[in-house]
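Here is the file upload.pdb (PDB, C-alpha atoms).
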```pdb
ATOM      1  CA  TYR A   1      -4.453  21.225 -10.305
ATOM      2  CA  ALA A   2      -4.565  24.961  -9.645
ATOM      3  CA  ALA A   3      -0.766  25.000  -9.340
ATOM      4  CA  ILE A   4      -0.423  23.580 -12.854
ATOM      5  CA  LEU A   5      -2.454  26.438 -14.293
ATOM      6  CA  ASP A   6      -1.364  29.285 -12.015
ATOM      7  CA  PRO A   7       2.368  30.104 -11.945
ATOM      8  CA  GLU A   8       1.774  32.328  -8.922
ATOM      9  CA  VAL A   9       1.288  29.191  -6.812
ATOM     10  CA  THR A  10       4.881  28.946  -5.618
ATOM     11  CA  GLU A  11       4.761  25.622  -3.761
ATOM     12  CA  VAL A  12       2.471  22.633  -3.272
ATOM     13  CA  VAL A  13       2.034  20.974   0.131
ATOM     14  CA  LEU A  14       0.352  17.561   0.157
ATOM     15  CA  GLU A  15      -0.783  15.502   3.117
ATOM     16  CA  ALA A  16      -1.897  11.925   2.402
ATOM     17  CA  PRO A  17      -2.431  12.561  -1.310
ATOM     18  CA  PRO A  18      -4.609  10.074  -3.178
ATOM     19  CA  LEU A  19      -2.572   7.585  -5.194
ATOM     20  CA  SER A  20      -4.615   7.613  -8.380
ATOM     21  CA  HIS A  21      -7.714   8.981 -10.039
ATOM     22  CA  GLU A  22      -8.682   5.323 -10.438
ATOM     23  CA  ASP A  23      -9.168   5.087  -6.661
ATOM     24  CA  PRO A  24     -12.919   5.233  -5.913
ATOM     25  CA  GLU A  25     -12.222   7.579  -2.974
ATOM     26  CA  THR A  26     -10.592  10.179  -5.255
ATOM     27  CA  PRO A  27     -12.822  12.947  -6.624
ATOM     28  CA  GLU A  28     -13.667  12.413 -10.263
ATOM     29  CA  ILE A  29     -12.254  14.843 -12.788
ATOM     30  CA  LEU A  30     -13.594  14.127 -16.254
ATOM     31  CA  GLY A  31     -10.781  13.266 -18.664
ATOM     32  CA  ALA A  32      -7.989  13.641 -16.091
ATOM     33  CA  LEU A  33      -6.433  10.280 -16.928
ATOM     34  CA  ARG A  34      -6.026  11.290 -20.577
ATOM     35  CA  ILE A  35      -3.177  13.579 -19.536
ATOM     36  CA  GLY A  36      -1.716  11.527 -16.708
ATOM     37  CA  ASP A  37      -2.487  10.314 -13.249
ATOM     38  CA  LEU A  38      -1.848  12.281 -10.068
ATOM     39  CA  PRO A  39       1.949  11.725  -9.835
ATOM     40  CA  GLN A  40       2.464  12.691 -13.488
ATOM     41  CA  ASN A  41       0.260  15.747 -13.179
ATOM     42  CA  LEU A  42       2.087  16.846 -10.033
ATOM     43  CA  ALA A  43       5.359  16.792 -11.987
ATOM     44  CA  LEU A  44       3.867  19.427 -14.315
ATOM     45  CA  ILE A  45       4.585  22.086 -11.683
ATOM     46  CA  PHE A  46       8.352  21.464 -12.082
ATOM     47  CA  PRO A  47      10.577  23.192 -10.927
ATOM     48  CA  ARG A  48       8.411  24.583  -8.131
ATOM     49  CA  PRO A  49       8.869  23.001  -4.687
ATOM     50  CA  ILE A  50       6.701  20.165  -3.414
ATOM     51  CA  THR A  51       6.361  19.326   0.282
ATOM     52  CA  LEU A  52       4.834  16.022   1.357
ATOM     53  CA  VAL A  53       3.574  15.619   4.900
ATOM     54  CA  GLY A  54       4.299  12.176   6.334
ATOM     55  CA  GLU A  55       5.997  10.143   3.654
ATOM     56  CA  ILE A  56       6.270   9.950  -0.108
ATOM     57  CA  PRO A  57       3.676   7.462  -1.357
ATOM     58  CA  GLU A  58       5.229   4.857  -3.652
ATOM     59  CA  ALA A  59       3.122   6.067  -6.587
ATOM     60  CA  TYR A  60       4.738   9.505  -6.288
ATOM     61  CA  GLN A  61       8.251   8.135  -6.837
ATOM     62  CA  TRP A  62       7.592   8.992 -10.493
ATOM     63  CA  THR A  63       7.419  12.685  -9.559
ATOM     64  CA  VAL A  64      10.564  12.402  -7.436
ATOM     65  CA  ASP A  65      12.374  10.762 -10.373
ATOM     66  CA  VAL A  66      11.499  13.695 -12.655
ATOM     67  CA  TYR A  67      12.908  16.199 -10.169
ATOM     68  CA  GLU A  68      16.044  14.058  -9.707
ATOM     69  CA  ARG A  69      16.637  13.718 -13.465
ATOM     70  CA  PHE A  70      16.668  17.474 -13.841
ATOM     71  CA  GLY A  71      18.898  18.084 -10.824
ATOM     72  CA  MET A  72      16.165  19.478  -8.582
ATOM     73  CA  ALA A  73      15.747  16.655  -6.049
ATOM     74  CA  ASP A  74      16.162  19.178  -3.240
ATOM     75  CA  ARG A  75      12.860  20.771  -4.278
ATOM     76  CA  ILE A  76      10.906  17.780  -2.987
ATOM     77  CA  ARG A  77      10.928  17.495   0.770
ATOM     78  CA  VAL A  78       9.175  15.436   3.397
ATOM     79  CA  ILE A  79       8.087  16.720   6.794
ATOM     80  CA  GLU A  80       6.461  14.786   9.638
ATOM     81  CA  LYS A  81       3.564  17.158  10.354
ATOM     82  CA  VAL A  82       2.038  20.263   8.819
ATOM     83  CA  GLY A  83       3.258  22.434  11.706
ATOM     84  CA  GLU A  84       6.844  21.861  10.526
ATOM     85  CA  TRP A  85       6.198  23.463   7.140
ATOM     86  CA  ARG A  86       8.164  26.567   6.238
ATOM     87  CA  PRO A  87       8.185  28.195   2.795
ATOM     88  CA  ALA A  88      10.782  26.707   0.484
TER      89      ALA A  88
END
```
Rewritten as structure tokens:
Amino acid sequence: YAAILDPEVTEVVLEAPPLSHEDPETPEILGALRIGDLPQNLALIFPRPITLVGEIPEAYQWTVDVYERFGMADRIRVIEKVGEWRPA
């Protein structure tokens, strides 16, 4: 969520992100679902790059679709392990 509020965060790197705030294992953030769930909130950093470590969880296809619709699909990338990350 810091990246949504701070434009100086130039990229987000996620490894095994939670799928939803409705998941009991996800930290509670009061009122978070009023705005959107995790994939929708992640799209709020558009057009900044997003790197996912491992694979894109199905729930995050929504975020990928937003980037694709606006011609920025290349700003979402997938790497196998954190050690492969390089700044976008």
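For the atom pair formed by atom CA of A:Pro7 and atom CA of A:Glu80, the distance is 26.8 Å, given to one decimal.
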inquiry  = Nearest residue to A:Ile45 out of A:Lys81, A:Ala59, A:Tyr67, A:Ala73, using all atoms listed in the file?
reply    = A:Tyr67
query = Got a sec: who's within 10 Å of A:Leu44, counting only C-alpha atoms, leaving out chain neighbours fewer than 2 positions off, as number ranges by chain?
reply = A: 1, 3-5, 36, 39-42, 46-48, 63, 66
May I have the residues from that selection written out with C-alpha atoms, as a compact mmCIF listing (two decimals), in the frame of the given file?
```txt
# COMPACT_ATOMS: atom_id res chain seq x y z
CA TYR A 1 -4.45 21.22 -10.30
CA ALA A 3 -0.77 25.00 -9.34
CA ILE A 4 -0.42 23.58 -12.85
CA LEU A 5 -2.45 26.44 -14.29
CA GLY A 36 -1.72 11.53 -16.71
CA PRO A 39 1.95 11.72 -9.84
CA GLN A 40 2.46 12.69 -13.49
CA ASN A 41 0.26 15.75 -13.18
CA LEU A 42 2.09 16.85 -10.03
CA PHE A 46 8.35 21.46 -12.08
CA PRO A 47 10.58 23.19 -10.93
CA ARG A 48 8.41 24.58 -8.13
CA THR A 63 7.42 12.68 -9.56
CA VAL A 66 11.50 13.70 -12.66
```
For A:Ala88: contacts at 12 Å, all atoms listed in the file, fewer than 5 positions along chain excluded, given as a PDB file with C-alpha atoms, in the frame of the given file:
```pdb
ATOM      1  CA  THR A  10       4.881  28.946  -5.618  1.00  0.00           C
ATOM      2  CA  GLU A  11       4.761  25.622  -3.761  1.00  0.00           C
ATOM      3  CA  VAL A  12       2.471  22.633  -3.272  1.00  0.00           C
ATOM      4  CA  VAL A  13       2.034  20.974   0.131  1.00  0.00           C
ATOM      5  CA  PRO A  47      10.577  23.192 -10.927  1.00  0.00           C
ATOM      6  CA  ARG A  48       8.411  24.583  -8.131  1.00  0.00           C
ATOM      7  CA  PRO A  49       8.869  23.001  -4.687  1.00  0.00           C
ATOM      8  CA  ILE A  50       6.701  20.165  -3.414  1.00  0.00           C
ATOM      9  CA  THR A  51       6.361  19.326   0.282  1.00  0.00           C
ATOM     10  CA  ASP A  74      16.162  19.178  -3.240  1.00  0.00           C
ATOM     11  CA  ARG A  75      12.860  20.771  -4.278  1.00  0.00           C
ATOM     12  CA  ILE A  76      10.906  17.780  -2.987  1.00  0.00           C
ATOM     13  CA  ARG A  77      10.928  17.495   0.770  1.00  0.00           C
ATOM     14  CA  VAL A  78       9.175  15.436   3.397  1.00  0.00           C
TER      15      VAL A  78
END
```
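With atom CA of A:Glu58 on one side and atom CA of A:Met72 on the other, the separation reads 18.9 Å.
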